[in-house]
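Enquirer: Got a structure for you, input00.pdb, holding PDB, C-alpha atoms.
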ATOM      1  CA  TYR A  27      44.060  73.639  12.207  1.00  0.00           C
ATOM      2  CA  PRO A  28      43.485  75.369   8.854  1.00  0.00           C
ATOM      3  CA  LEU A  29      47.214  75.498   8.040  1.00  0.00           C
ATOM      4  CA  LYS A  30      47.847  71.834   8.871  1.00  0.00           C
ATOM      5  CA  ILE A  31      44.694  70.561   7.205  1.00  0.00           C
ATOM      6  CA  ALA A  32      45.522  72.591   4.071  1.00  0.00           C
ATOM      7  CA  TRP A  33      48.970  71.006   4.041  1.00  0.00           C
ATOM      8  CA  GLY A  34      47.305  67.592   4.079  1.00  0.00           C
ATOM      9  CA  LEU A  35      45.422  68.400   0.871  1.00  0.00           C
ATOM     10  CA  TRP A  36      48.686  68.283  -1.049  1.00  0.00           C
ATOM     11  CA  GLY A  37      48.855  64.532  -0.442  1.00  0.00           C
ATOM     12  CA  PHE A  38      52.518  64.419   0.419  1.00  0.00           C
ATOM     13  CA  GLY A  39      53.452  61.076   1.895  1.00  0.00           C
ATOM     14  CA  PRO A  40      53.957  57.491   0.778  1.00  0.00           C
ATOM     15  CA  HIS A  41      50.282  56.453   0.886  1.00  0.00           C
ATOM     16  CA  HIS A  42      48.509  59.705   0.129  1.00  0.00           C
ATOM     17  CA  ALA A  43      47.304  61.460  -2.981  1.00  0.00           C
ATOM     18  CA  PHE A  44      46.196  65.001  -3.677  1.00  0.00           C
ATOM     19  CA  THR A  45      42.604  65.613  -2.609  1.00  0.00           C
ATOM     20  CA  TRP A  46      40.166  68.508  -2.355  1.00  0.00           C
ATOM     21  CA  ASN A  47      38.455  66.783   0.586  1.00  0.00           C
ATOM     22  CA  PRO A  48      39.970  67.981   3.865  1.00  0.00           C
ATOM     23  CA  HIS A  49      38.448  65.036   5.810  1.00  0.00           C
ATOM     24  CA  PHE A  50      38.040  67.506   8.683  1.00  0.00           C
ATOM     25  CA  PHE A  51      34.717  68.954   9.698  1.00  0.00           C
ATOM     26  CA  LYS A  52      35.324  70.689  13.014  1.00  0.00           C
ATOM     27  CA  TYR A  53      35.481  73.888  10.943  1.00  0.00           C
ATOM     28  CA  PRO A  54      34.046  74.499   7.483  1.00  0.00           C
ATOM     29  CA  SER A  55      36.437  74.498   4.567  1.00  0.00           C
ATOM     30  CA  LEU A  56      36.768  78.126   3.397  1.00  0.00           C
ATOM     31  CA  THR A  57      39.750  78.985   5.597  1.00  0.00           C
ATOM     32  CA  ILE A  58      41.333  75.629   4.810  1.00  0.00           C
ATOM     33  CA  TYR A  59      41.101  76.345   1.086  1.00  0.00           C
ATOM     34  CA  ALA A  60      42.348  79.915   1.630  1.00  0.00           C
ATOM     35  CA  GLN A  61      45.393  78.456   3.384  1.00  0.00           C
ATOM     36  CA  PHE A  62      45.832  75.963   0.541  1.00  0.00           C
ATOM     37  CA  VAL A  63      45.824  78.785  -2.016  1.00  0.00           C
ATOM     38  CA  GLY A  64      48.324  80.655   0.160  1.00  0.00           C
ATOM     39  CA  GLN A  65      50.580  77.590   0.188  1.00  0.00           C
ATOM     40  CA  ALA A  66      50.291  77.292  -3.600  1.00  0.00           C
ATOM     41  CA  LEU A  67      51.263  80.958  -3.966  1.00  0.00           C
ATOM     42  CA  LEU A  68      54.126  80.407  -1.530  1.00  0.00           C
ATOM     43  CA  TYR A  69      55.309  77.467  -3.637  1.00  0.00           C
ATOM     44  CA  ALA A  70      55.179  79.596  -6.784  1.00  0.00           C
ATOM     45  CA  GLY A  71      56.978  82.484  -5.099  1.00  0.00           C
ATOM     46  CA  LEU A  72      59.722  80.294  -3.669  1.00  0.00           C
ATOM     47  CA  SER A  73      60.146  78.571  -7.039  1.00  0.00           C
ATOM     48  CA  LEU A  74      60.427  81.866  -8.891  1.00  0.00           C
ATOM     49  CA  ALA A  75      62.926  83.132  -6.315  1.00  0.00           C
ATOM     50  CA  GLY A  76      65.006  79.976  -6.751  1.00  0.00           C
ATOM     51  CA  ARG A  77      64.701  78.953  -3.096  1.00  0.00           C
ATOM     52  CA  ILE A  78      63.046  75.640  -3.990  1.00  0.00           C
ATOM     53  CA  HIS A  79      63.264  73.574  -7.157  1.00  0.00           C
ATOM     54  CA  SER A  80      60.721  70.809  -6.644  1.00  0.00           C
ATOM     55  CA  ALA A  81      57.833  69.574  -4.527  1.00  0.00           C
ATOM     56  CA  LEU A  82      60.399  67.629  -2.517  1.00  0.00           C
ATOM     57  CA  ASP A  83      62.170  70.881  -1.611  1.00  0.00           C
ATOM     58  CA  PHE A  84      58.796  72.298  -0.554  1.00  0.00           C
ATOM     59  CA  ARG A  85      58.172  69.279   1.677  1.00  0.00           C
ATOM     60  CA  VAL A  86      61.654  69.568   3.195  1.00  0.00           C
ATOM     61  CA  LEU A  87      61.008  73.233   3.943  1.00  0.00           C
ATOM     62  CA  TRP A  88      57.760  72.271   5.697  1.00  0.00           C
ATOM     63  CA  ALA A  89      59.582  69.650   7.757  1.00  0.00           C
ATOM     64  CA  THR A  90      62.566  71.825   8.695  1.00  0.00           C
ATOM     65  CA  ASP A  91      61.226  75.372   8.942  1.00  0.00           C
ATOM     66  CA  LYS A  92      57.517  76.204   8.860  1.00  0.00           C
ATOM     67  CA  THR A  93      58.167  79.947   9.214  1.00  0.00           C
ATOM     68  CA  ALA A  94      57.271  80.819   5.614  1.00  0.00           C
ATOM     69  CA  PHE A  95      54.085  78.754   5.852  1.00  0.00           C
ATOM     70  CA  ALA A  96      53.063  80.347   9.137  1.00  0.00           C
ATOM     71  CA  LEU A  97      53.751  83.861   7.860  1.00  0.00           C
ATOM     72  CA  THR A  98      51.738  83.195   4.720  1.00  0.00           C
ATOM     73  CA  GLY A  99      48.839  81.833   6.768  1.00  0.00           C
ATOM     74  CA  ARG A 100      48.951  84.751   9.162  1.00  0.00           C
ATOM     75  CA  PHE A 101      49.061  87.186   6.243  1.00  0.00           C
ATOM     76  CA  ILE A 102      45.835  85.705   4.872  1.00  0.00           C
ATOM     77  CA  THR A 103      44.093  86.162   8.217  1.00  0.00           C
ATOM     78  CA  ALA A 104      45.518  89.681   8.531  1.00  0.00           C
ATOM     79  CA  LEU A 105      44.035  90.604   5.142  1.00  0.00           C
ATOM     80  CA  PHE A 106      40.598  89.575   6.377  1.00  0.00           C
ATOM     81  CA  GLY A 107      41.188  91.527   9.580  1.00  0.00           C
ATOM     82  CA  ALA A 108      42.239  94.637   7.694  1.00  0.00           C
ATOM     83  CA  ALA A 109      39.169  94.387   5.467  1.00  0.00           C
ATOM     84  CA  ILE A 110      36.850  94.555   8.488  1.00  0.00           C
ATOM     85  CA  ALA A 111      37.628  98.261   9.059  1.00  0.00           C
ATOM     86  CA  PRO A 112      36.395  99.526   5.650  1.00  0.00           C
ATOM     87  CA  ALA A 113      33.372  97.218   5.878  1.00  0.00           C
ATOM     88  CA  THR A 114      32.615  98.714   9.296  1.00  0.00           C
ATOM     89  CA  PHE A 115      32.980 102.211   7.831  1.00  0.00           C
ATOM     90  CA  VAL A 116      30.412 101.461   5.126  1.00  0.00           C
ATOM     91  CA  LEU A 117      28.070  99.741   7.592  1.00  0.00           C
ATOM     92  CA  VAL A 118      28.040 102.601  10.100  1.00  0.00           C
ATOM     93  CA  ARG A 119      27.789 105.241   7.390  1.00  0.00           C
ATOM     94  CA  ARG A 120      24.723 103.545   5.928  1.00  0.00           C
ATOM     95  CA  LEU A 121      23.176 103.146   9.368  1.00  0.00           C
ATOM     96  CA  MET A 122      23.766 106.769  10.321  1.00  0.00           C
ATOM     97  CA  ARG A 123      22.609 108.293   7.048  1.00  0.00           C
ATOM     98  CA  GLY A 124      19.190 106.744   7.420  1.00  0.00           C
ATOM     99  CA  PRO A 125      16.459 107.223   4.863  1.00  0.00           C
ATOM    100  CA  ALA A 126      16.832 110.077   2.422  1.00  0.00           C
ATOM    101  CA  GLY A 127      15.061 113.208   3.552  1.00  0.00           C
ATOM    102  CA  PRO A 128      14.753 116.725   2.201  1.00  0.00           C
ATOM    103  CA  ALA A 129      17.882 118.318   0.806  1.00  0.00           C
ATOM    104  CA  GLY A 130      19.422 121.216   2.649  1.00  0.00           C
ATOM    105  CA  GLU A 131      21.178 121.909   5.922  1.00  0.00           C
ATOM    106  CA  SER A 132      19.714 118.929   7.796  1.00  0.00           C
ATOM    107  CA  ALA A 133      20.846 116.577   5.038  1.00  0.00           C
ATOM    108  CA  THR A 134      24.334 118.107   5.128  1.00  0.00           C
ATOM    109  CA  LEU A 135      24.452 117.769   8.916  1.00  0.00           C
ATOM    110  CA  ARG A 136      23.226 114.166   8.743  1.00  0.00           C
ATOM    111  CA  GLU A 137      25.925 113.407   6.143  1.00  0.00           C
ATOM    112  CA  ALA A 138      28.641 114.996   8.316  1.00  0.00           C
ATOM    113  CA  LEU A 139      27.515 113.062  11.391  1.00  0.00           C
ATOM    114  CA  ALA A 140      27.348 109.836   9.396  1.00  0.00           C
ATOM    115  CA  ASN A 141      30.889 110.363   8.124  1.00  0.00           C
ATOM    116  CA  ALA A 142      32.201 111.185  11.596  1.00  0.00           C
ATOM    117  CA  ALA A 143      30.544 108.124  13.105  1.00  0.00           C
ATOM    118  CA  ALA A 144      31.771 105.891  10.278  1.00  0.00           C
ATOM    119  CA  TRP A 145      35.378 107.081  10.613  1.00  0.00           C
ATOM    120  CA  THR A 146      35.227 106.660  14.385  1.00  0.00           C
ATOM    121  CA  ALA A 147      33.850 103.124  14.084  1.00  0.00           C
ATOM    122  CA  ALA A 148      36.422 102.174  11.446  1.00  0.00           C
ATOM    123  CA  LEU A 149      39.297 103.539  13.543  1.00  0.00           C
ATOM    124  CA  LEU A 150      38.036 101.781  16.670  1.00  0.00           C
ATOM    125  CA  THR A 151      37.733  98.552  14.710  1.00  0.00           C
ATOM    126  CA  ALA A 152      41.197  98.910  13.199  1.00  0.00           C
ATOM    127  CA  SER A 153      42.764  99.591  16.603  1.00  0.00           C
ATOM    128  CA  ASN A 154      40.820  96.978  18.588  1.00  0.00           C
ATOM    129  CA  PRO A 155      43.414  94.939  20.539  1.00  0.00           C
ATOM    130  CA  GLY A 156      41.361  91.746  20.405  1.00  0.00           C
ATOM    131  CA  LEU A 157      40.862  91.946  16.667  1.00  0.00           C
ATOM    132  CA  ILE A 158      44.526  92.786  16.143  1.00  0.00           C
ATOM    133  CA  ALA A 159      45.548  89.774  18.240  1.00  0.00           C
ATOM    134  CA  LYS A 160      43.160  87.420  16.398  1.00  0.00           C
ATOM    135  CA  SER A 161      44.320  88.795  13.032  1.00  0.00           C
ATOM    136  CA  GLN A 162      47.829  87.590  13.822  1.00  0.00           C
ATOM    137  CA  GLU A 163      46.708  83.977  14.205  1.00  0.00           C
ATOM    138  CA  ILE A 164      45.755  81.411  11.629  1.00  0.00           C
ATOM    139  CA  ASP A 165      42.153  81.047  12.664  1.00  0.00           C
ATOM    140  CA  VAL A 166      38.560  81.045  11.405  1.00  0.00           C
ATOM    141  CA  ASP A 167      37.136  83.853  13.567  1.00  0.00           C
ATOM    142  CA  VAL A 168      38.512  86.820  11.644  1.00  0.00           C
ATOM    143  CA  PRO A 169      37.227  85.685   8.218  1.00  0.00           C
ATOM    144  CA  LEU A 170      33.889  85.012   9.936  1.00  0.00           C
ATOM    145  CA  ALA A 171      33.800  88.550  11.362  1.00  0.00           C
ATOM    146  CA  PHE A 172      34.609  90.022   7.954  1.00  0.00           C
ATOM    147  CA  PHE A 173      31.888  88.130   6.097  1.00  0.00           C
ATOM    148  CA  VAL A 174      29.262  88.817   8.774  1.00  0.00           C
ATOM    149  CA  THR A 175      30.093  92.543   8.636  1.00  0.00           C
ATOM    150  CA  LEU A 176      29.928  92.467   4.848  1.00  0.00           C
ATOM    151  CA  ALA A 177      26.586  90.633   5.022  1.00  0.00           C
ATOM    152  CA  ALA A 178      25.223  93.353   7.321  1.00  0.00           C
ATOM    153  CA  VAL A 179      26.296  95.996   4.789  1.00  0.00           C
ATOM    154  CA  GLN A 180      24.589  94.086   1.998  1.00  0.00           C
ATOM    155  CA  ALA A 181      21.441  93.564   4.076  1.00  0.00           C
ATOM    156  CA  LEU A 182      21.175  97.325   4.561  1.00  0.00           C
ATOM    157  CA  GLY A 183      21.492  97.684   0.819  1.00  0.00           C
ATOM    158  CA  LEU A 184      18.340  95.602   0.450  1.00  0.00           C
ATOM    159  CA  PHE A 185      16.412  98.229   2.387  1.00  0.00           C
ATOM    160  CA  GLU A 186      17.486 100.886  -0.098  1.00  0.00           C
ATOM    161  CA  ARG A 187      16.415  98.847  -3.106  1.00  0.00           C
ATOM    162  CA  MET A 188      15.816  95.126  -3.313  1.00  0.00           C
ATOM    163  CA  THR A 189      17.050  93.472  -6.478  1.00  0.00           C
ATOM    164  CA  ARG A 190      17.731  89.894  -7.412  1.00  0.00           C
ATOM    165  CA  THR A 191      21.460  90.647  -7.740  1.00  0.00           C
ATOM    166  CA  LYS A 192      21.633  92.140  -4.248  1.00  0.00           C
ATOM    167  CA  CYS A 193      19.774  89.142  -2.819  1.00  0.00           C
ATOM    168  CA  LEU A 194      22.123  86.709  -4.558  1.00  0.00           C
ATOM    169  CA  LEU A 195      25.210  88.605  -3.345  1.00  0.00           C
ATOM    170  CA  LEU A 196      23.878  88.633   0.199  1.00  0.00           C
ATOM    171  CA  GLY A 197      23.163  84.907   0.011  1.00  0.00           C
ATOM    172  CA  ALA A 198      26.671  84.240  -1.295  1.00  0.00           C
ATOM    173  CA  THR A 199      28.203  86.363   1.463  1.00  0.00           C
ATOM    174  CA  VAL A 200      26.213  84.555   4.160  1.00  0.00           C
ATOM    175  CA  GLY A 201      27.363  81.304   2.574  1.00  0.00           C
ATOM    176  CA  LEU A 202      30.975  82.481   2.822  1.00  0.00           C
ATOM    177  CA  ALA A 203      30.403  83.458   6.460  1.00  0.00           C
ATOM    178  CA  ALA A 204      29.015  80.005   7.223  1.00  0.00           C
ATOM    179  CA  SER A 205      31.856  78.357   5.319  1.00  0.00           C
ATOM    180  CA  SER A 206      34.322  80.326   7.454  1.00  0.00           C
ATOM    181  CA  LYS A 207      32.775  79.104  10.689  1.00  0.00           C
ATOM    182  CA  TYR A 208      29.411  77.388  11.105  1.00  0.00           C
ATOM    183  CA  PRO A 209      27.824  80.141  13.288  1.00  0.00           C
ATOM    184  CA  GLY A 210      28.156  82.473  10.297  1.00  0.00           C
ATOM    185  CA  ALA A 211      24.836  81.072   9.088  1.00  0.00           C
ATOM    186  CA  ILE A 212      23.199  83.209  11.803  1.00  0.00           C
ATOM    187  CA  ALA A 213      23.561  86.118   9.376  1.00  0.00           C
ATOM    188  CA  LEU A 214      20.513  84.652   7.626  1.00  0.00           C
ATOM    189  CA  VAL A 215      18.319  85.702  10.551  1.00  0.00           C
ATOM    190  CA  PRO A 216      16.666  89.061   9.845  1.00  0.00           C
TER     191      PRO A 216
END
Show me, as structure tokens, the structure contained in the file I just sent.
Expert:
Amino acid sequence: YPLKIAWGLWGFGPHHAFTWNPHFFKYPSLTIYAQFVGQALLYAGLSLAGRIHSALDFRVLWATDKTAFALTGRFITALFGAAIAPATFVLVRRLMRGPAGPAGESATLREALANAAAWTAALLTASNPGLIAKSQEIDVDVPLAFFVTLAAVQALGLFERMTRTKCLLLGATVGLAASSKYPGAIALVP
């Protein structure tokens, strides 16, 4: 859906005009707009490469061979999927480090265990077959997973020190999670 709905934003057709309104509310609009930006970048790239010379050429390419559009859309989802691993690393490292205690051997051991757990979690996330499969599709679940993971990292940061900036960033991230897929709003629940 996000790829096709994003294509509709361009307003190509005899009775259509460009619009920012996707007129589609089964999913929120973040992934639709991400696909739209991807299509705009694809247009610019194809124009610079001399493969298309006008919006009409772009429309003909859509009608005859959607491969470039699909690859661009899948690349966007794959970027979100790849970003989940470092977010998981940071999340697990913060969880495992716990509150700061006395310096010395126990702190060094805690740091080593936190790093080992974080690397293990990040590698397991990066090699998860389900996540890899979903990251190859044009879908809303992978961006949702990324923003929820990022929100969890930011929520842990509030325990370290609560500031207005951290609260605003967490609110924005939860908003992005919910605008990826409606259940992302659950990240608001403490």
Enquirer: I'd like to know which of A:Thr45, A:Ser161, A:Gln65, A:Thr90 is closest to A:Gly107, using all atoms listed in the file.
Expert: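 Answer, going by the shortest atom-to-atom distance: A:Ser161.
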Enquirer: Using atom CA of A:Thr151 and atom CA of A:Ala171 as the two end points, give the distance in Å to one decimal.
Expert: 11.3 Å
Enquirer: Extract, using all atoms listed in the file, all DNA, RNA and protein residues at most 12 Å from stretch 68-84 of chain A, discarding same-chain residues fewer than 4 positions from it, and format them as a ChimeraX atom specification.
Expert: /A:33,36-39,61-64,88-99,101-102
Enquirer: Counting all atoms listed in the file, which of A:Gly34, A:Pro28, A:Pro112, A:Gly156 gets nearest to A:Lys207?
Expert: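 That would be A:Pro28, the residue with the smallest distance to A:Lys207.
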Enquirer: Between A:Thr175, A:Ser206, A:Asn154, A:Thr189, which residue has the minimum interatomic distance to A:Ala60, considering only C-alpha atoms?
Expert: A:Ser206
Enquirer: Translate the PyMOL selection byres ((chain A and resi 213) around 10) into a concrete residue list for this structure, as a list in words.
Expert: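 Applied to this file, the PyMOL selection byres ((chain A and resi 213) around 10) returns Phe173, Val174, Thr175, Ala177, Ala178, Ala181, Leu196, Gly197, Thr199, Val200, Gly201, Ala203, Ala204, Pro209, Gly210, Ala211, Ile212, Leu214, Val215 and Pro216 of chain A.
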Enquirer: Write out as a list in words which residues come within 12 Å of A:Ala159 when counting only C-alpha atoms, dropping same-chain ones fewer than 6 positions away.
Expert: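 Contacts, in chain order: Arg100, Thr103, Ala104, Gly107, Ala152, Ser153, Asp165, Asp167 and Val168 of chain A.
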Enquirer: Using only the atoms of stretch 47-52 of chain A listed in the file, plus 8 Å on each side, state the axis-aligned box centre and edge lengths in Å rounded to one decimal, as JSON.
Expert:
{"center_x": 37.3, "center_y": 67.9, "center_z": 6.8, "size_x": 21.3, "size_y": 21.7, "size_z": 28.4}
Enquirer: Under the PyMOL selection byres ((chain A and resi 120) around 10), which residues of this model are included? Write them out as a list in words.
Expert: Thr114, Phe115, Val116, Leu117, Val118, Arg119, Leu121, Met122, Arg123, Gly124, Pro125, Glu137, Ala140, Asn141, Ala144, Val179, Leu182, Gly183 and Glu186 of chain A
Enquirer: Which residue gives the smallest distance to A:Phe51 among A:Ala133, A:Ala138, A:Ile31, A:Leu202, with all atoms listed in the file counted?
Expert: A:Ile31
Enquirer: When you draw a straight line from atom CA of A:Cys193 to atom CA of A:Trp145, how long is it in Å?
Expert: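 Between atom CA of A:Cys193 and atom CA of A:Trp145 the gap is 27.3 Å.
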Enquirer: The PyMOL selection byres ((chain A and resi 56) around 6) on the file shown: which residues, as a PDB file with C-alpha atoms, in the frame of the given file?
Expert:
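This went into result_3.pdb:
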ATOM      1  CA  SER A  55      36.437  74.498   4.567  1.00  0.00           C
ATOM      2  CA  THR A  57      39.750  78.985   5.597  1.00  0.00           C
ATOM      3  CA  ILE A  58      41.333  75.629   4.810  1.00  0.00           C
ATOM      4  CA  TYR A  59      41.101  76.345   1.086  1.00  0.00           C
ATOM      5  CA  SER A 205      31.856  78.357   5.319  1.00  0.00           C
ATOM      6  CA  SER A 206      34.322  80.326   7.454  1.00  0.00           C
TER       7      SER A 206
END
Enquirer: Suppose you want the space between atom CA of A:Phe172 and atom CA of A:Ala142; what is it in Å?
Expert: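 Answer for the atom CA of A:Phe172 to atom CA of A:Ala142 separation: 21.6 Å.
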Enquirer: So which one's closest to A:Phe106, A:Pro155, A:Gln162, A:Leu29, A:Lys52? Using all atoms listed in the file, please.
Expert: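 For A:Phe106, the nearest of the candidates is A:Gln162.
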Enquirer: From the options A:Lys160, A:Gln180, A:Ala143, A:Lys30, which residue's atoms come nearest to A:Lys192, counting all atoms listed in the file?
Expert: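 With all atoms listed in the file as the atom set, the closest residue is A:Gln180.
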